[in-house]
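Structure below is final_19.cif: mmCIF, C-alpha atoms.
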data_model
loop_
_atom_site.label_atom_id
_atom_site.label_comp_id
_atom_site.auth_asym_id
_atom_site.auth_seq_id
_atom_site.Cartn_x
_atom_site.Cartn_y
_atom_site.Cartn_z
CA MET A 1 30.79 -111.05 121.42
CA ASN A 2 30.39 -113.18 124.48
CA SER A 3 29.17 -116.29 122.80
CA PRO A 4 29.40 -117.54 119.22
CA ALA A 5 25.61 -117.37 118.94
CA ARG A 6 25.52 -113.71 119.86
CA ALA A 7 28.36 -112.92 117.51
CA GLN A 8 26.46 -114.62 114.76
CA ASP A 9 23.35 -112.65 115.66
CA SER A 10 25.16 -109.36 115.38
CA ASN A 11 26.70 -110.44 112.07
CA TRP A 12 23.22 -111.33 110.91
CA GLY A 13 22.14 -107.84 111.88
CA LEU A 14 24.94 -106.28 109.87
CA VAL A 15 24.10 -108.22 106.71
CA PHE A 16 20.45 -107.38 107.29
CA ALA A 17 21.43 -103.70 107.51
CA CYS A 18 23.29 -104.06 104.19
CA TRP A 19 20.17 -105.54 102.66
CA LEU A 20 18.03 -102.66 103.96
CA ILE A 21 20.43 -100.12 102.47
CA ALA A 22 20.41 -101.97 99.15
CA CYS A 23 16.59 -102.04 99.15
CA VAL A 24 16.30 -98.35 99.93
CA SER A 25 18.85 -97.56 97.21
CA MET A 26 17.03 -99.67 94.65
CA LEU A 27 13.62 -98.22 95.45
CA GLY A 28 15.12 -94.73 95.58
CA SER A 29 16.70 -95.09 92.16
CA LEU A 30 13.45 -96.48 90.76
CA PHE A 31 11.62 -93.53 92.29
CA PHE A 32 13.95 -91.10 90.54
CA SER A 33 13.61 -92.79 87.16
CA GLU A 34 10.08 -94.19 87.11
CA VAL A 35 8.17 -91.75 89.30
CA MET A 36 10.03 -88.48 88.92
CA GLY A 37 10.97 -89.22 85.33
CA PHE A 38 14.73 -88.59 85.43
CA PRO A 39 16.31 -90.73 82.73
CA PRO A 40 19.22 -92.72 84.22
CA CYS A 41 22.59 -92.05 82.59
CA VAL A 42 24.99 -94.83 81.59
CA LEU A 43 26.98 -94.69 84.82
CA CYS A 44 23.75 -94.89 86.82
CA TRP A 45 22.93 -98.09 84.98
CA TYR A 46 26.33 -99.56 85.86
CA GLN A 47 25.73 -98.70 89.50
CA ARG A 48 22.29 -100.29 89.34
CA ILE A 49 23.90 -103.43 87.95
CA CYS A 50 25.97 -103.60 91.14
CA MET A 51 23.20 -102.61 93.54
CA TYR A 52 20.10 -104.52 92.42
CA PRO A 53 21.59 -108.04 92.71
CA LEU A 54 22.45 -107.29 96.35
CA VAL A 55 18.73 -106.97 97.08
CA LEU A 56 18.32 -110.62 96.07
CA ILE A 57 21.66 -112.15 97.06
CA LEU A 58 21.91 -110.77 100.60
CA PRO A 59 18.67 -112.32 101.94
CA VAL A 60 19.77 -115.69 100.57
CA GLY A 61 22.69 -115.46 102.99
CA LEU A 62 20.40 -114.51 105.86
CA PHE A 63 18.34 -117.73 105.95
CA PRO A 64 20.12 -119.67 107.29
CA PHE A 65 22.91 -117.24 108.08
CA ASP A 66 25.92 -117.93 105.88
CA ARG A 67 29.03 -115.85 106.45
CA ASN A 68 30.18 -116.69 102.94
CA ILE A 69 27.59 -114.21 101.72
CA VAL A 70 30.36 -111.62 102.12
CA ARG A 71 32.34 -113.36 99.40
CA TYR A 72 29.47 -113.08 96.97
CA ALA A 73 28.33 -109.59 97.83
CA LEU A 74 31.63 -107.80 98.32
CA PRO A 75 32.70 -107.82 94.63
CA LEU A 76 29.45 -106.13 93.68
CA SER A 77 29.56 -103.51 96.39
CA SER A 78 33.24 -102.66 95.90
CA LEU A 79 32.78 -102.30 92.16
CA GLY A 80 29.84 -100.05 92.99
CA VAL A 81 32.08 -97.89 95.15
CA LEU A 82 34.52 -97.54 92.26
CA ILE A 83 31.87 -96.60 89.71
CA ALA A 84 30.18 -94.15 92.07
CA THR A 85 33.54 -92.55 92.84
CA PHE A 86 34.23 -92.20 89.14
CA HIS A 87 30.78 -90.69 88.68
CA LEU A 88 31.31 -88.21 91.51
CA LEU A 89 34.67 -87.14 90.13
CA LEU A 90 33.03 -86.66 86.73
CA VAL A 91 30.27 -84.49 88.18
CA ALA A 92 32.77 -82.50 90.20
CA GLY A 93 34.78 -81.89 87.04
CA TYR A 94 37.99 -83.64 88.11
CA ILE A 95 37.70 -85.99 85.17
CA PRO A 96 37.75 -84.12 81.86
CA GLU A 97 34.80 -84.25 79.50
CA SER A 98 36.69 -86.11 76.79
CA ILE A 99 36.97 -89.40 78.66
CA LYS A 100 33.46 -89.52 80.04
CA PRO A 101 31.84 -92.69 78.79
CA CYS A 102 28.40 -91.42 77.84
CA VAL A 103 28.13 -89.77 74.48
CA GLN A 104 24.41 -89.92 73.81
CA GLY A 105 21.36 -89.81 75.98
CA VAL A 106 21.73 -88.11 79.32
CA PRO A 107 25.21 -86.79 80.05
CA CYS A 108 26.52 -88.34 83.27
CA SER A 109 27.90 -85.00 84.34
CA GLU A 110 24.42 -83.51 84.51
CA VAL A 111 23.22 -82.90 88.07
CA GLN A 112 19.55 -83.83 88.25
CA ILE A 113 18.90 -83.32 91.94
CA GLU A 114 20.80 -81.36 94.53
CA TRP A 115 19.48 -81.44 98.07
CA PHE A 116 20.91 -79.03 100.65
CA GLY A 117 23.30 -77.87 97.96
CA PHE A 118 25.50 -80.96 97.94
CA VAL A 119 23.49 -84.20 98.05
CA THR A 120 23.39 -85.59 94.51
CA ILE A 121 22.26 -88.97 93.19
CA PRO A 122 25.83 -90.30 92.69
CA LEU A 123 26.67 -89.16 96.21
CA LEU A 124 23.77 -91.16 97.64
CA SER A 125 24.81 -94.14 95.55
CA GLY A 126 28.44 -93.85 96.63
CA LEU A 127 27.47 -93.62 100.30
CA SER A 128 25.24 -96.70 100.04
CA PHE A 129 27.96 -98.75 98.38
CA LEU A 130 30.56 -97.51 100.85
CA ILE A 131 28.48 -98.38 103.92
CA ILE A 132 27.53 -101.79 102.50
CA THR A 133 31.18 -102.53 101.69
CA ALA A 134 32.35 -101.41 105.13
CA LEU A 135 29.73 -103.51 106.92
CA LEU A 136 30.52 -106.56 104.80
CA ILE A 137 34.23 -106.23 105.55
CA LEU A 138 33.36 -105.94 109.23
CA VAL A 139 31.30 -109.14 109.06
CA HIS A 140 34.17 -110.88 107.31
CA LYS A 141 36.75 -109.76 109.89
CA ARG A 142 34.58 -110.76 112.79
CA SER A 143 33.60 -114.14 111.49
CA SER A 144 37.10 -115.13 110.37
CA LYS A 145 38.43 -114.61 113.88
CA MET B 1 11.52 -116.97 113.19
CA LYS B 2 11.81 -113.45 114.55
CA GLN B 3 14.47 -112.70 111.95
CA LYS B 4 12.28 -113.93 109.15
CA HIS B 5 9.45 -111.70 110.30
CA LEU B 6 11.80 -108.76 110.44
CA VAL B 7 12.85 -109.26 106.83
CA ILE B 8 9.30 -109.76 105.57
CA PHE B 9 8.03 -106.80 107.55
CA SER B 10 10.83 -104.58 106.19
CA ALA B 11 10.19 -105.64 102.61
CA VAL B 12 6.47 -104.97 102.88
CA PHE B 13 7.04 -101.67 104.66
CA LEU B 14 9.50 -100.47 102.00
CA LEU B 15 7.17 -101.43 99.16
CA ILE B 16 4.23 -99.65 100.75
CA ALA B 17 6.40 -96.60 101.39
CA PHE B 18 7.44 -96.63 97.73
CA VAL B 19 3.89 -96.86 96.39
CA ALA B 20 2.61 -94.24 98.83
CA GLY B 21 5.51 -91.96 97.91
CA ALA B 22 4.76 -92.37 94.22
CA MET B 23 1.09 -91.55 94.72
CA LEU B 24 1.91 -88.55 96.88
CA TYR B 25 4.42 -87.31 94.34
CA SER B 26 2.00 -87.57 91.45
CA SER B 27 -0.84 -85.85 93.29
CA GLN B 28 1.47 -83.05 94.42
CA LYS B 29 2.74 -82.63 90.89
CA SER B 30 -0.82 -82.44 89.61
CA ASP B 31 -1.82 -79.89 92.27
CA ALA B 32 1.25 -77.78 91.57
CA ALA B 33 0.46 -77.68 87.85
CA LEU B 34 -3.16 -76.79 88.49
CA GLN B 35 -2.23 -74.01 90.89
CA ALA B 36 0.31 -72.62 88.44
CA TYR B 37 -2.38 -72.67 85.74
CA GLN B 38 -4.90 -70.86 87.91
CA ARG B 39 -2.31 -68.26 88.88
CA ASP B 40 -0.95 -67.57 85.45
CA LYS B 41 -1.82 -69.34 82.24
CA SER B 42 1.03 -67.84 80.26
CA THR B 43 3.41 -70.70 81.05
CA PHE B 44 0.86 -73.06 79.52
CA ILE B 45 -0.63 -70.98 76.74
CA ARG B 46 1.85 -68.91 74.85
CA GLU B 47 0.43 -66.19 72.71
CA ASN B 48 0.88 -67.09 69.03
CA ALA B 49 1.47 -70.75 69.79
CA PRO B 50 0.03 -72.92 67.05
CA ALA B 51 -3.51 -73.79 68.08
CA PHE B 52 -6.41 -75.80 66.74
CA GLY B 53 -10.11 -75.55 67.41
CA ASN B 54 -12.54 -72.90 68.53
CA PRO B 55 -10.71 -69.94 70.13
CA ALA B 56 -13.65 -69.49 72.51
CA ALA B 57 -13.63 -73.12 73.67
CA LYS B 58 -13.79 -73.56 77.42
CA VAL B 59 -11.54 -76.60 77.50
CA ASP B 60 -7.92 -76.20 76.53
CA ILE B 61 -5.44 -78.95 75.92
CA VAL B 62 -1.83 -77.90 76.05
CA GLU B 63 0.36 -80.48 74.38
CA PHE B 64 4.14 -80.43 74.68
CA LEU B 65 5.50 -82.42 71.78
CA ASP B 66 8.73 -83.26 70.05
CA PRO B 67 8.51 -83.68 66.26
CA ALA B 68 10.96 -86.60 66.49
CA CYS B 69 8.94 -88.39 69.17
CA GLU B 70 7.17 -91.50 67.96
CA THR B 71 4.54 -91.46 70.68
CA CYS B 72 3.68 -87.86 69.80
CA LYS B 73 3.06 -88.99 66.25
CA GLU B 74 0.91 -91.88 67.51
CA PHE B 75 -1.12 -89.53 69.70
CA TYR B 76 -1.69 -86.94 67.01
CA PRO B 77 -4.66 -88.65 65.28
CA PHE B 78 -6.06 -89.62 68.67
CA VAL B 79 -6.10 -86.02 69.88
CA LYS B 80 -7.73 -84.97 66.61
CA LYS B 81 -10.42 -87.59 67.16
CA LEU B 82 -10.97 -86.38 70.71
CA MET B 83 -11.47 -82.85 69.42
CA ALA B 84 -13.85 -84.03 66.72
CA ALA B 85 -15.89 -85.83 69.36
CA HIS B 86 -16.47 -82.53 71.17
CA PRO B 87 -16.71 -80.00 68.35
CA ASP B 88 -16.02 -76.38 69.28
CA LYS B 89 -15.53 -77.23 72.94
CA ILE B 90 -11.79 -77.87 72.86
CA ARG B 91 -8.84 -75.74 71.88
CA LEU B 92 -5.49 -77.44 71.43
CA TYR B 93 -2.29 -75.48 71.93
CA VAL B 94 0.91 -77.01 70.62
CA ARG B 95 4.08 -76.36 72.58
CA TYR B 96 7.51 -77.82 71.98
CA ALA B 97 9.72 -79.97 74.14
CA PRO B 98 12.54 -80.83 71.70
CA PHE B 99 14.23 -83.48 73.86
CA HIS B 100 15.92 -85.30 70.96
CA ALA B 101 19.20 -83.73 69.86
CA GLY B 102 18.50 -81.95 66.57
CA SER B 103 14.76 -81.67 67.14
CA ASP B 104 15.05 -77.97 67.82
CA GLN B 105 15.96 -77.46 64.15
CA VAL B 106 12.75 -79.20 63.14
CA VAL B 107 10.81 -77.09 65.64
CA LYS B 108 12.23 -74.02 63.92
CA ILE B 109 10.98 -75.30 60.58
CA LEU B 110 7.53 -75.79 62.14
CA GLU B 111 7.47 -72.32 63.63
CA ALA B 112 8.59 -70.79 60.34
CA ALA B 113 5.80 -72.74 58.60
CA HIS B 114 3.41 -71.43 61.26
CA ARG B 115 4.30 -67.92 60.08
CA GLN B 116 3.11 -68.93 56.63
CA GLY B 117 -0.13 -70.28 58.07
CA LYS B 118 0.79 -73.85 57.22
CA PHE B 119 1.56 -75.32 60.63
CA GLN B 120 -0.90 -78.19 60.57
CA GLU B 121 0.03 -79.35 57.06
CA THR B 122 3.73 -79.18 57.86
CA LEU B 123 3.36 -81.00 61.16
CA GLU B 124 1.37 -83.74 59.46
CA ALA B 125 3.95 -84.09 56.68
CA ILE B 126 6.77 -84.19 59.24
CA PHE B 127 4.99 -86.79 61.35
CA ALA B 128 4.15 -88.89 58.30
CA ALA B 129 7.80 -89.03 57.28
CA GLN B 130 9.16 -89.31 60.80
CA SER B 131 10.75 -92.73 60.31
CA SER B 132 12.68 -91.42 57.29
CA TRP B 133 14.20 -88.31 58.81
CA ALA B 134 14.48 -89.52 62.41
CA PRO B 135 15.36 -93.21 62.22
CA GLN B 136 16.05 -94.83 65.62
CA HIS B 137 15.35 -91.57 67.43
CA ARG B 138 18.24 -89.82 65.72
CA PRO B 139 16.79 -86.77 64.03
CA GLN B 140 18.57 -85.60 60.89
CA PRO B 141 16.92 -82.24 60.37
CA GLU B 142 18.42 -81.73 56.91
CA LEU B 143 16.39 -84.71 55.66
CA VAL B 144 13.13 -83.01 56.64
CA TRP B 145 13.34 -80.81 53.56
CA ASN B 146 12.76 -83.85 51.34
CA HIS B 147 9.36 -84.40 52.89
CA ILE B 148 7.75 -80.99 53.13
CA GLY B 149 7.85 -80.14 49.44
CA GLY B 150 4.19 -81.00 48.92
CA VAL B 151 2.89 -78.71 51.63
CA GLY B 152 3.02 -75.59 49.49
CA LEU B 153 5.45 -73.65 51.61
CA ASP B 154 7.63 -70.83 50.39
CA ILE B 155 10.79 -72.77 51.13
CA ARG B 156 13.16 -69.91 50.50
CA ARG B 157 11.29 -67.70 52.97
CA LEU B 158 11.09 -70.62 55.40
CA ARG B 159 14.85 -71.16 55.33
CA HIS B 160 15.33 -67.49 56.05
CA ASP B 161 12.63 -67.29 58.75
CA MET B 162 13.72 -70.33 60.69
CA ASN B 163 16.96 -68.63 61.65
CA ALA B 164 15.22 -65.48 62.86
CA PRO B 165 16.05 -64.53 66.44
CA GLU B 166 12.31 -64.39 67.30
CA ILE B 167 11.97 -68.06 66.42
CA GLU B 168 15.03 -68.96 68.45
CA LYS B 169 13.37 -67.08 71.30
CA ILE B 170 10.19 -69.12 70.92
CA VAL B 171 12.16 -72.38 71.08
CA GLN B 172 14.00 -71.22 74.19
CA GLN B 173 10.74 -70.04 75.77
CA ASP B 174 9.09 -73.41 75.18
CA ILE B 175 12.08 -75.29 76.58
CA ALA B 176 12.04 -73.04 79.64
CA ASP B 177 8.27 -73.49 80.13
CA ALA B 178 8.58 -77.27 79.73
CA LYS B 179 11.19 -77.25 82.45
CA LYS B 180 9.06 -75.05 84.67
CA LEU B 181 6.08 -77.36 84.22
CA ASN B 182 8.21 -80.39 84.96
CA VAL B 183 7.71 -81.90 81.51
CA LYS B 184 10.14 -84.82 81.39
CA ALA B 185 8.73 -86.88 78.53
CA THR B 186 6.72 -86.22 75.40
CA PRO B 187 3.91 -85.93 74.68
CA GLU B 188 2.83 -84.25 77.89
CA PHE B 189 -0.72 -82.98 78.13
CA PHE B 190 -2.36 -80.44 80.38
CA VAL B 191 -6.14 -80.27 80.21
CA ASN B 192 -7.21 -76.96 81.75
CA GLY B 193 -3.94 -77.12 83.67
CA LYS B 194 -4.31 -80.70 84.85
CA PRO B 195 -1.59 -83.17 83.85
CA LEU B 196 -2.37 -86.81 83.08
CA PRO B 197 -2.52 -88.89 86.27
CA SER B 198 -0.55 -91.53 84.38
CA PHE B 199 0.32 -91.79 80.72
CA GLY B 200 -2.15 -93.28 78.26
CA TYR B 201 -4.98 -92.70 75.76
CA ASP B 202 -7.71 -93.51 78.25
CA GLN B 203 -6.31 -91.19 80.88
CA LEU B 204 -6.28 -88.34 78.37
CA LYS B 205 -9.78 -89.18 77.18
CA ASN B 206 -11.11 -89.28 80.74
CA LEU B 207 -9.44 -86.03 81.65
CA VAL B 208 -10.86 -84.29 78.58
CA GLU B 209 -14.35 -85.67 79.08
CA GLU B 210 -14.28 -84.64 82.71
CA ALA B 211 -13.23 -81.12 81.73
CA VAL B 212 -15.92 -80.90 79.02
CA ALA B 213 -18.57 -82.10 81.45
CA THR B 214 -17.53 -79.50 84.03
CA ALA B 215 -17.30 -76.62 81.58
CA TYR B 216 -20.45 -77.26 79.54
#

What is this file in structure tokens?
Amino acid sequence: MNSPARAQDSNWGLVFACWLIACVSMLGSLFFSEVMGFPPCVLCWYQRICMYPLVLILPVGLFPFDRNIVRYALPLSSLGVLIATFHLLLVAGYIPESIKPCVQGVPCSEVQIEWFGFVTIPLLSGLSFLIITALLILVHKRSSK
Amino acid sequence: MKQKHLVIFSAVFLLIAFVAGAMLYSSQKSDAALQAYQRDKSTFIRENAPAFGNPAAKVDIVEFLDPACETCKEFYPFVKKLMAAHPDKIRLYVRYAPFHAGSDQVVKILEAAHRQGKFQETLEAIFAAQSSWAPQHRPQPELVWNHIGGVGLDIRRLRHDMNAPEIEKIVQQDIADAKKLNVKATPEFFVNGKPLPSFGYDQLKNLVEEAVATAY
């Protein structure tokens, strides 16, 4: 952070990274549902509601770079973290069946993929939201200095 | 400018990766099904499964259906037409993928009717009345009884048969085979082991005509 221009460049890079993560998450979720045919459960839909807008909102803040983008994107990504956490706790069984929100369709506690024995769809979602949120907070801290 | 290029390049790259991934996935899925079919047909063609057409036909269509599925009902006359267009060259095997909650009860009714040699009539009656007993994709199996009276079934025997452990076994077998064959939606078709490249009437028609042309 030698000069304001370079600091802005690296902030741009961070928001760009957030956008890439959001894009990969969106395409990944569409691959699971549209290509592989896994029906999304209710909680997945809520997480999509938080993730998909980021794909459109973040690039708006990239050209020209606007550090206020954090203010618009952070509510979505932090809500996403909360929903994904809830989903993970549900899958892990820490939240009892009776208060799970999906009654019909696909049960949210069903594990549809499991890579390497522990990587599940809600875990991927939670990681994406967590990284995006962390990067956005970093951008905010740096640019408010 | 450089930044703009970076974003555009990334977007294009991700989209291409997505499309390529989808194509790769579908061709791998198709190859896997075909290989499984060539290795062992029993996952596709269960002995005693309800079947239509010439038993010696060289082309077989395996259809996984759910009696409560609207699209299955829509496809039924189409498949019949396809078979009529190639008389004696196609055999259709009906398998079950009861994805709607409650559908398994209806499948049991169908299998019990199959024991009485009245599968086709019962299936047609059940499809015809689908909107009455399964409104908004919510099957109410007890309503099915109101619609199969005209088929000429021995209802008392049917009610007894449908709870037989052998029929429960058939339902479980079909669900297990559907899972094994990666059937995620109904109807799913396999024509001599090949799944549809994408879902649709034309795709099924092409696949069947291709298979008929190769076999005859």

On this structure, which residues satisfy the PyMOL selection byres ((chain A) within 12 of (chain B)), written as an NGL selection string? :A and (9-10 or 12-13 or 15-39 or 55-56 or 58-60 or 62-65 or 103-106 or 112)

Step by step, work through what the PyMOL selection byres ((chain B and resi 139) around 10) selects in the shown file, and finish by giving those residues as a ChimeraX atom specification. /B:67-69,100-106,130-138,140-144

With the file shown as input, list the residues that the PyMOL selection byres ((chain A and resi 132) around 12) selects, as an MDAnalysis selection string. chainID A and resid 14:23 25 50:51 54:55 58 70 73:81 125:131 133:139

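Distances to Phe44 of chain B were evaluated for B:Gln173, B:Thr186, B:Asn146, B:Ser198 using only C-alpha atoms, and the minimum falls at B:Gln173.
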
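In this model, the gap between atom CA of Gly149 of chain B and atom CA of Tyr93 of chain B comes to 25.1 Å.
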
Show me as a PyMOL selection string the residues that reach within 12 Å of (9.6, -69.0, 68.7), counting only C-alpha atoms and using the file's own coordinates. chain B and resi 46-50+94-96+104-105+107-115+161-176

Smallest atom-to-atom distance to Ala36 of chain B: which of B:Ile61, B:Ala56, B:Val208, B:Leu181, using all atoms listed in the file? B:Leu181

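Here atom CA of His86 of chain B is placed at a distance of 25.8 Å from atom CA of Asp31 of chain B.
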
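Computed from the coordinates, the atom CA of Asp154 of chain B to atom CA of Pro77 of chain B distance equals 26.3 Å.
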